[in-house]
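Peer 1: The following file, structure.txt, comprises compact mmCIF, N, CA, C and O atoms:
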```txt
# COMPACT_ATOMS: atom_id res chain seq x y z
N ASN A 18 -7.10 -7.89 -5.81
CA ASN A 18 -8.25 -8.12 -4.96
C ASN A 18 -8.02 -7.64 -3.52
O ASN A 18 -8.87 -7.79 -2.68
N GLY A 19 -6.86 -7.10 -3.23
CA GLY A 19 -6.58 -6.50 -1.94
C GLY A 19 -6.21 -7.47 -0.83
O GLY A 19 -5.86 -7.04 0.27
N ILE A 20 -6.25 -8.77 -1.10
CA ILE A 20 -5.96 -9.75 -0.05
C ILE A 20 -4.53 -9.61 0.46
O ILE A 20 -4.29 -9.54 1.67
N LEU A 21 -3.57 -9.53 -0.47
CA LEU A 21 -2.17 -9.41 -0.05
C LEU A 21 -1.91 -8.11 0.71
O LEU A 21 -1.13 -8.09 1.66
N LEU A 22 -2.58 -7.04 0.30
CA LEU A 22 -2.40 -5.77 1.01
C LEU A 22 -2.92 -5.88 2.45
O LEU A 22 -2.29 -5.38 3.38
N CYS A 23 -4.06 -6.54 2.62
CA CYS A 23 -4.60 -6.74 3.97
C CYS A 23 -3.70 -7.65 4.80
O CYS A 23 -3.48 -7.40 5.99
N GLU A 24 -3.15 -8.68 4.18
CA GLU A 24 -2.23 -9.56 4.89
C GLU A 24 -0.96 -8.81 5.29
O GLU A 24 -0.40 -9.04 6.37
N LEU A 25 -0.51 -7.90 4.43
CA LEU A 25 0.65 -7.07 4.75
C LEU A 25 0.37 -6.23 6.00
O LEU A 25 1.18 -6.17 6.92
N LEU A 26 -0.80 -5.59 6.03
CA LEU A 26 -1.17 -4.80 7.21
C LEU A 26 -1.22 -5.66 8.47
O LEU A 26 -0.76 -5.24 9.53
N SER A 27 -1.76 -6.86 8.34
CA SER A 27 -1.85 -7.76 9.49
C SER A 27 -0.47 -8.16 10.00
O SER A 27 -0.29 -8.37 11.20
N SER A 28 0.49 -8.28 9.09
CA SER A 28 1.84 -8.63 9.54
C SER A 28 2.54 -7.45 10.21
O SER A 28 3.37 -7.63 11.09
N ILE A 29 2.17 -6.24 9.81
CA ILE A 29 2.76 -5.04 10.43
C ILE A 29 2.16 -4.81 11.81
O ILE A 29 2.88 -4.54 12.77
N LYS A 30 0.85 -4.91 11.88
CA LYS A 30 0.17 -4.69 13.16
C LYS A 30 -0.95 -5.71 13.31
O LYS A 30 -2.06 -5.52 12.82
N PRO A 31 -0.65 -6.83 13.98
CA PRO A 31 -1.67 -7.86 14.17
C PRO A 31 -2.94 -7.30 14.80
O PRO A 31 -2.88 -6.47 15.71
N GLY A 32 -4.08 -7.73 14.27
CA GLY A 32 -5.35 -7.27 14.78
C GLY A 32 -5.90 -6.04 14.08
O GLY A 32 -7.05 -5.67 14.27
N LEU A 33 -5.06 -5.38 13.28
CA LEU A 33 -5.51 -4.18 12.58
C LEU A 33 -6.60 -4.51 11.56
O LEU A 33 -7.56 -3.79 11.41
N VAL A 34 -6.42 -5.63 10.86
CA VAL A 34 -7.42 -6.08 9.89
C VAL A 34 -8.26 -7.15 10.55
O VAL A 34 -7.77 -8.22 10.89
N LYS A 35 -9.52 -6.82 10.75
CA LYS A 35 -10.41 -7.76 11.44
C LYS A 35 -10.81 -8.93 10.55
O LYS A 35 -10.91 -10.06 11.00
N LYS A 36 -11.08 -8.66 9.27
CA LYS A 36 -11.54 -9.70 8.38
C LYS A 36 -11.11 -9.38 6.95
O LYS A 36 -11.25 -8.25 6.50
N ILE A 37 -10.60 -10.39 6.27
CA ILE A 37 -10.25 -10.27 4.86
C ILE A 37 -11.33 -10.98 4.05
O ILE A 37 -11.67 -12.13 4.33
N ASN A 38 -11.87 -10.29 3.07
CA ASN A 38 -12.91 -10.86 2.22
C ASN A 38 -12.24 -11.66 1.11
O ASN A 38 -11.60 -11.11 0.23
N ARG A 39 -12.37 -12.97 1.16
CA ARG A 39 -11.69 -13.84 0.20
C ARG A 39 -12.60 -14.32 -0.94
O ARG A 39 -12.21 -15.18 -1.73
N LEU A 40 -13.78 -13.75 -1.05
CA LEU A 40 -14.66 -14.11 -2.15
C LEU A 40 -14.07 -13.61 -3.47
O LEU A 40 -13.48 -12.52 -3.51
N PRO A 41 -14.22 -14.36 -4.55
CA PRO A 41 -13.65 -13.96 -5.83
C PRO A 41 -14.56 -13.01 -6.61
O PRO A 41 -14.92 -13.27 -7.76
N THR A 42 -14.92 -11.89 -5.98
CA THR A 42 -15.81 -10.93 -6.64
C THR A 42 -15.17 -9.54 -6.62
O THR A 42 -14.37 -9.24 -5.73
N PRO A 43 -15.55 -8.69 -7.58
CA PRO A 43 -15.03 -7.32 -7.57
C PRO A 43 -15.39 -6.55 -6.30
O PRO A 43 -14.58 -5.77 -5.80
N ILE A 44 -16.58 -6.79 -5.78
CA ILE A 44 -17.00 -6.10 -4.55
C ILE A 44 -16.10 -6.50 -3.38
O ILE A 44 -15.73 -5.65 -2.56
N ALA A 45 -15.72 -7.77 -3.32
CA ALA A 45 -14.81 -8.23 -2.25
C ALA A 45 -13.48 -7.52 -2.36
O ALA A 45 -12.89 -7.11 -1.36
N GLY A 46 -12.99 -7.36 -3.59
CA GLY A 46 -11.73 -6.66 -3.79
C GLY A 46 -11.81 -5.22 -3.33
O GLY A 46 -10.90 -4.72 -2.66
N LEU A 47 -12.89 -4.53 -3.66
CA LEU A 47 -13.06 -3.14 -3.21
C LEU A 47 -13.18 -3.07 -1.70
O LEU A 47 -12.67 -2.14 -1.06
N ASP A 48 -13.84 -4.06 -1.13
CA ASP A 48 -13.96 -4.17 0.33
C ASP A 48 -12.57 -4.23 0.97
O ASP A 48 -12.27 -3.50 1.91
N ASN A 49 -11.74 -5.12 0.44
CA ASN A 49 -10.38 -5.29 0.98
C ASN A 49 -9.54 -4.03 0.79
O ASN A 49 -8.76 -3.67 1.68
N LEU A 50 -9.69 -3.37 -0.34
CA LEU A 50 -8.93 -2.13 -0.56
C LEU A 50 -9.34 -1.06 0.43
O LEU A 50 -8.50 -0.32 0.95
N SER A 51 -10.62 -0.98 0.72
CA SER A 51 -11.10 -0.02 1.72
C SER A 51 -10.52 -0.33 3.10
O SER A 51 -10.09 0.57 3.83
N VAL A 52 -10.50 -1.61 3.45
CA VAL A 52 -9.93 -2.04 4.73
C VAL A 52 -8.45 -1.68 4.77
O VAL A 52 -7.95 -1.16 5.78
N PHE A 53 -7.73 -1.92 3.68
CA PHE A 53 -6.30 -1.60 3.61
C PHE A 53 -6.07 -0.10 3.79
O PHE A 53 -5.23 0.31 4.60
N LEU A 54 -6.81 0.72 3.06
CA LEU A 54 -6.61 2.16 3.13
C LEU A 54 -6.96 2.72 4.51
O LEU A 54 -6.24 3.57 5.04
N ARG A 55 -8.03 2.20 5.12
CA ARG A 55 -8.36 2.62 6.50
C ARG A 55 -7.26 2.20 7.48
O ARG A 55 -6.91 2.95 8.39
N GLY A 56 -6.74 1.01 7.28
CA GLY A 56 -5.65 0.53 8.13
C GLY A 56 -4.41 1.39 7.99
O GLY A 56 -3.73 1.67 8.99
N CYS A 57 -4.13 1.82 6.78
CA CYS A 57 -2.98 2.71 6.56
C CYS A 57 -3.18 4.01 7.34
O CYS A 57 -2.23 4.52 7.95
N GLU A 58 -4.39 4.52 7.31
CA GLU A 58 -4.67 5.75 8.06
C GLU A 58 -4.49 5.52 9.55
O GLU A 58 -3.96 6.39 10.26
N GLU A 59 -4.90 4.36 10.04
CA GLU A 59 -4.72 4.04 11.47
C GLU A 59 -3.25 3.95 11.84
O GLU A 59 -2.88 4.20 12.99
N LEU A 60 -2.40 3.61 10.86
CA LEU A 60 -0.95 3.56 11.11
C LEU A 60 -0.31 4.93 10.96
O LEU A 60 0.89 5.07 11.14
N GLY A 61 -1.13 5.95 10.63
CA GLY A 61 -0.61 7.31 10.58
C GLY A 61 -0.42 7.90 9.19
O GLY A 61 0.01 9.05 9.07
N LEU A 62 -0.75 7.15 8.13
CA LEU A 62 -0.62 7.72 6.80
C LEU A 62 -1.71 8.76 6.57
O LEU A 62 -2.83 8.61 7.06
N LYS A 63 -1.36 9.80 5.84
CA LYS A 63 -2.31 10.87 5.52
C LYS A 63 -3.01 10.55 4.21
O LYS A 63 -2.51 9.78 3.39
N GLY A 64 -4.14 11.18 3.99
CA GLY A 64 -4.90 10.96 2.76
C GLY A 64 -4.09 11.20 1.50
O GLY A 64 -4.25 10.51 0.50
N SER A 65 -3.19 12.19 1.55
CA SER A 65 -2.36 12.50 0.38
C SER A 65 -1.32 11.41 0.10
O SER A 65 -0.73 11.39 -0.98
N GLN A 66 -1.09 10.51 1.04
CA GLN A 66 -0.13 9.43 0.87
C GLN A 66 -0.79 8.13 0.41
O GLN A 66 -0.11 7.14 0.20
N LEU A 67 -2.10 8.16 0.25
CA LEU A 67 -2.84 6.96 -0.11
C LEU A 67 -3.26 6.98 -1.57
O LEU A 67 -3.64 8.03 -2.10
N PHE A 68 -3.21 5.81 -2.21
CA PHE A 68 -3.69 5.71 -3.57
C PHE A 68 -5.21 5.61 -3.58
O PHE A 68 -5.84 5.32 -2.57
N ASP A 69 -5.78 5.87 -4.73
CA ASP A 69 -7.20 5.68 -4.95
C ASP A 69 -7.36 4.27 -5.51
O ASP A 69 -6.54 3.84 -6.32
N PRO A 70 -8.39 3.51 -5.11
CA PRO A 70 -8.54 2.15 -5.63
C PRO A 70 -8.49 2.06 -7.16
O PRO A 70 -7.97 1.09 -7.71
N GLY A 71 -8.95 3.08 -7.86
CA GLY A 71 -8.89 3.08 -9.32
C GLY A 71 -7.48 3.12 -9.86
O GLY A 71 -7.23 2.76 -11.02
N ASP A 72 -6.52 3.58 -9.03
CA ASP A 72 -5.13 3.65 -9.47
C ASP A 72 -4.54 2.28 -9.78
O ASP A 72 -3.57 2.18 -10.53
N LEU A 73 -5.12 1.23 -9.23
CA LEU A 73 -4.62 -0.12 -9.51
C LEU A 73 -4.93 -0.55 -10.94
O LEU A 73 -4.25 -1.39 -11.50
N GLN A 74 -5.96 0.03 -11.53
CA GLN A 74 -6.34 -0.30 -12.91
C GLN A 74 -5.69 0.63 -13.92
O GLN A 74 -5.42 0.22 -15.05
N ASP A 75 -5.45 1.87 -13.55
CA ASP A 75 -4.92 2.88 -14.46
C ASP A 75 -3.40 2.91 -14.39
O ASP A 75 -2.83 3.37 -13.42
N THR A 76 -2.74 2.43 -15.44
CA THR A 76 -1.27 2.32 -15.41
C THR A 76 -0.59 3.69 -15.35
O THR A 76 0.54 3.78 -14.89
N SER A 77 -1.26 4.75 -15.76
CA SER A 77 -0.62 6.07 -15.71
C SER A 77 -0.52 6.60 -14.28
O SER A 77 0.25 7.52 -14.02
N THR A 78 -1.31 6.03 -13.36
CA THR A 78 -1.26 6.51 -11.97
C THR A 78 -0.66 5.47 -11.02
O THR A 78 -0.73 5.64 -9.81
N ARG A 79 -0.06 4.44 -11.54
CA ARG A 79 0.52 3.40 -10.68
C ARG A 79 1.56 3.92 -9.69
O ARG A 79 1.68 3.36 -8.61
N PRO A 80 2.33 4.95 -10.02
CA PRO A 80 3.27 5.44 -8.99
C PRO A 80 2.60 5.81 -7.68
O PRO A 80 3.22 5.73 -6.63
N THR A 81 1.32 6.19 -7.71
CA THR A 81 0.65 6.52 -6.46
C THR A 81 0.53 5.29 -5.56
O THR A 81 0.56 5.41 -4.35
N VAL A 82 0.40 4.12 -6.17
CA VAL A 82 0.36 2.88 -5.38
C VAL A 82 1.72 2.67 -4.71
O VAL A 82 1.80 2.35 -3.52
N LEU A 83 2.80 2.89 -5.47
CA LEU A 83 4.13 2.76 -4.88
C LEU A 83 4.36 3.77 -3.78
O LEU A 83 5.02 3.47 -2.78
N ILE A 84 3.84 4.97 -3.94
CA ILE A 84 3.99 5.99 -2.91
C ILE A 84 3.34 5.53 -1.61
O ILE A 84 3.90 5.68 -0.52
N THR A 85 2.16 4.92 -1.72
CA THR A 85 1.49 4.40 -0.52
C THR A 85 2.33 3.31 0.13
O THR A 85 2.51 3.31 1.36
N ILE A 86 2.88 2.40 -0.68
CA ILE A 86 3.72 1.32 -0.13
C ILE A 86 4.97 1.91 0.53
O ILE A 86 5.39 1.46 1.60
N TYR A 87 5.53 2.93 -0.07
CA TYR A 87 6.70 3.61 0.52
C TYR A 87 6.36 4.15 1.91
O TYR A 87 7.08 3.89 2.88
N TRP A 88 5.26 4.90 2.01
CA TRP A 88 4.89 5.47 3.30
C TRP A 88 4.48 4.41 4.31
O TRP A 88 4.75 4.54 5.51
N LEU A 89 3.88 3.34 3.82
CA LEU A 89 3.55 2.23 4.71
C LEU A 89 4.83 1.58 5.24
O LEU A 89 4.92 1.23 6.42
N GLY A 90 5.83 1.46 4.38
CA GLY A 90 7.13 0.93 4.81
C GLY A 90 7.75 1.79 5.89
O GLY A 90 8.31 1.29 6.87
N ARG A 91 7.65 3.09 5.72
CA ARG A 91 8.19 4.00 6.75
C ARG A 91 7.43 3.85 8.06
O ARG A 91 8.02 3.85 9.14
N ALA A 92 6.11 3.71 7.96
CA ALA A 92 5.30 3.52 9.16
C ALA A 92 5.65 2.20 9.85
O ALA A 92 5.73 2.13 11.08
N ALA A 93 5.86 1.15 9.05
CA ALA A 93 6.20 -0.16 9.61
C ALA A 93 7.54 -0.09 10.34
O ALA A 93 7.71 -0.72 11.39
N ASN A 94 8.49 0.66 9.79
CA ASN A 94 9.80 0.79 10.43
C ASN A 94 9.69 1.38 11.83
O ASN A 94 10.49 1.08 12.70
N GLY A 95 8.65 2.19 12.06
CA GLY A 95 8.46 2.80 13.37
C GLY A 95 7.43 2.10 14.24
O GLY A 95 7.13 2.56 15.33
N CYS A 96 6.89 1.00 13.77
CA CYS A 96 5.85 0.28 14.50
C CYS A 96 6.48 -0.76 15.42
O CYS A 96 7.14 -1.69 14.95
N THR A 97 6.28 -0.62 16.72
CA THR A 97 6.93 -1.52 17.69
C THR A 97 6.43 -2.95 17.59
O THR A 97 7.15 -3.88 17.95
N SER A 98 5.21 -3.14 17.09
CA SER A 98 4.67 -4.51 17.00
C SER A 98 5.22 -5.27 15.79
O SER A 98 5.00 -6.47 15.67
N TYR A 99 5.93 -4.58 14.90
CA TYR A 99 6.43 -5.22 13.68
C TYR A 99 7.90 -5.55 13.83
O TYR A 99 8.72 -4.69 14.14
N ASN A 100 8.23 -6.83 13.60
CA ASN A 100 9.64 -7.24 13.67
C ASN A 100 10.07 -8.04 12.44
O ASN A 100 11.02 -8.78 12.49
N GLY A 101 9.36 -7.83 11.33
CA GLY A 101 9.68 -8.53 10.09
C GLY A 101 10.69 -7.76 9.27
O GLY A 101 11.32 -6.81 9.74
N PRO A 102 10.86 -8.15 8.01
CA PRO A 102 11.81 -7.46 7.14
C PRO A 102 11.37 -6.01 6.91
O PRO A 102 10.18 -5.69 7.00
N THR A 103 12.33 -5.17 6.66
CA THR A 103 12.01 -3.76 6.45
C THR A 103 12.31 -3.37 5.01
O THR A 103 13.10 -4.00 4.32
N LEU A 104 11.65 -2.33 4.58
CA LEU A 104 11.81 -1.80 3.24
C LEU A 104 13.07 -0.94 3.22
O LEU A 104 13.24 -0.06 4.07
N ASP A 105 13.95 -1.21 2.26
CA ASP A 105 15.13 -0.36 2.08
C ASP A 105 14.64 0.91 1.40
O ASP A 105 14.44 0.94 0.19
N LEU A 106 14.45 1.96 2.17
CA LEU A 106 13.80 3.16 1.67
C LEU A 106 14.62 3.85 0.58
O LEU A 106 14.06 4.39 -0.37
N LYS A 107 15.94 3.81 0.67
CA LYS A 107 16.79 4.43 -0.36
C LYS A 107 16.62 3.70 -1.69
O LYS A 107 16.48 4.32 -2.74
N GLU A 108 16.64 2.37 -1.66
CA GLU A 108 16.44 1.58 -2.88
C GLU A 108 15.06 1.85 -3.45
O GLU A 108 14.87 1.96 -4.66
N PHE A 109 14.08 1.92 -2.58
CA PHE A 109 12.70 2.12 -3.01
C PHE A 109 12.54 3.49 -3.66
O PHE A 109 11.82 3.63 -4.64
N GLU A 110 13.20 4.51 -3.11
CA GLU A 110 13.13 5.84 -3.71
C GLU A 110 13.67 5.82 -5.13
O GLU A 110 13.12 6.47 -6.02
N GLY A 111 14.74 5.06 -5.38
CA GLY A 111 15.28 4.92 -6.72
C GLY A 111 14.29 4.25 -7.66
O GLY A 111 14.12 4.67 -8.80
N LEU A 112 13.63 3.21 -7.20
CA LEU A 112 12.62 2.51 -7.99
C LEU A 112 11.47 3.43 -8.33
O LEU A 112 11.00 3.48 -9.47
N LEU A 113 11.03 4.20 -7.36
CA LEU A 113 9.93 5.13 -7.58
C LEU A 113 10.32 6.19 -8.61
O LEU A 113 9.54 6.51 -9.50
N SER A 114 11.53 6.68 -8.52
CA SER A 114 12.02 7.67 -9.48
C SER A 114 12.04 7.10 -10.89
O SER A 114 11.61 7.75 -11.85
N GLN A 115 12.52 5.86 -11.04
CA GLN A 115 12.54 5.21 -12.35
C GLN A 115 11.13 5.02 -12.89
O GLN A 115 10.87 5.25 -14.08
N MET A 116 10.21 4.62 -12.05
CA MET A 116 8.84 4.37 -12.50
C MET A 116 8.17 5.67 -12.94
O MET A 116 7.43 5.68 -13.91
N ARG A 117 8.44 6.75 -12.25
CA ARG A 117 7.87 8.04 -12.65
C ARG A 117 8.36 8.43 -14.04
O ARG A 117 7.60 8.92 -14.86
N LYS A 118 9.65 8.18 -14.32
CA LYS A 118 10.20 8.50 -15.63
C LYS A 118 9.53 7.67 -16.72
O LYS A 118 9.18 8.17 -17.77
N VAL A 119 9.33 6.38 -16.45
CA VAL A 119 8.71 5.48 -17.42
C VAL A 119 7.28 5.93 -17.69
O VAL A 119 6.83 5.95 -18.83
N CYS A 120 6.55 6.32 -16.66
CA CYS A 120 5.15 6.72 -16.83
C CYS A 120 5.04 8.02 -17.61
O CYS A 120 4.08 8.24 -18.33
N LYS A 121 6.02 8.92 -17.49
CA LYS A 121 5.99 10.17 -18.23
C LYS A 121 6.27 9.92 -19.71
O LYS A 121 5.75 10.61 -20.56
N VAL A 122 7.07 8.91 -20.02
CA VAL A 122 7.44 8.62 -21.41
C VAL A 122 6.27 7.98 -22.15
O VAL A 122 6.03 8.26 -23.31
N THR A 123 5.51 7.10 -21.48
CA THR A 123 4.44 6.37 -22.17
C THR A 123 3.17 7.15 -22.30
O THR A 123 2.92 8.15 -21.88
```
Any chance you could put this one into structure tokens?

Peer 2:
Amino acid sequence: NGILLCELLSSIKPGLVKKINRLPTPIAGLDNLSVFLRGCEELGLKGSQLFDPGDLQDTSTRPTVLITIYWLGRAANGCTSYNGPTLDLKEFEGLLSQMRKVCKVT
């Protein structure tokens, strides 16, 4: 439903997400995903680094979601307003590589 993704953005850059839609509806989820993806762009991610909301439903394209999280982690590492835990990018690259292999097999 995108709530955790919006909360993640808020922890990286407070004020970036103005409002999280907490209604239990599919439209609210799409709303939150749009807010998340726009926020990623504001942090400097390019369109090619962002997943499509449909990728969350389609297991064959799930690596694109991980790719977005990877790039968001890199952006957070360079964000002066963020002082929380950081993504171990080397470990994450290994996870992404493993997931790509699994998706090619299935």

Peer 1: I want to know what sits within 9 Å of segment 21-27 of chain A, based on only C-alpha atoms, with residues of the same chain fewer than 4 positions away left out; could you give that as a PyMOL selection string?

Peer 2: chain A and resi 31-37+49-50+52-53+56-57+89

Peer 1: Please compute the atom N of Ala45 of chain A-atom O of Gly90 of chain A distance, one decimal, in Å.

Peer 2: 27.6 Å

Peer 1: To one decimal in Å, tell me the separation between atom CA of Lys63 of chain A and atom CA of Thr85 of chain A.

Peer 2: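 Between atom CA of Lys63 of chain A and atom CA of Thr85 of chain A the gap is 9.6 Å.
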
Peer 1: Looking only at alpha helix (DSSP H) from DSSP on the backbone, list the matching residues of chain A as a ChimeraX atom specification.

Peer 2: /A:20-29,43-59,79-94,106-122
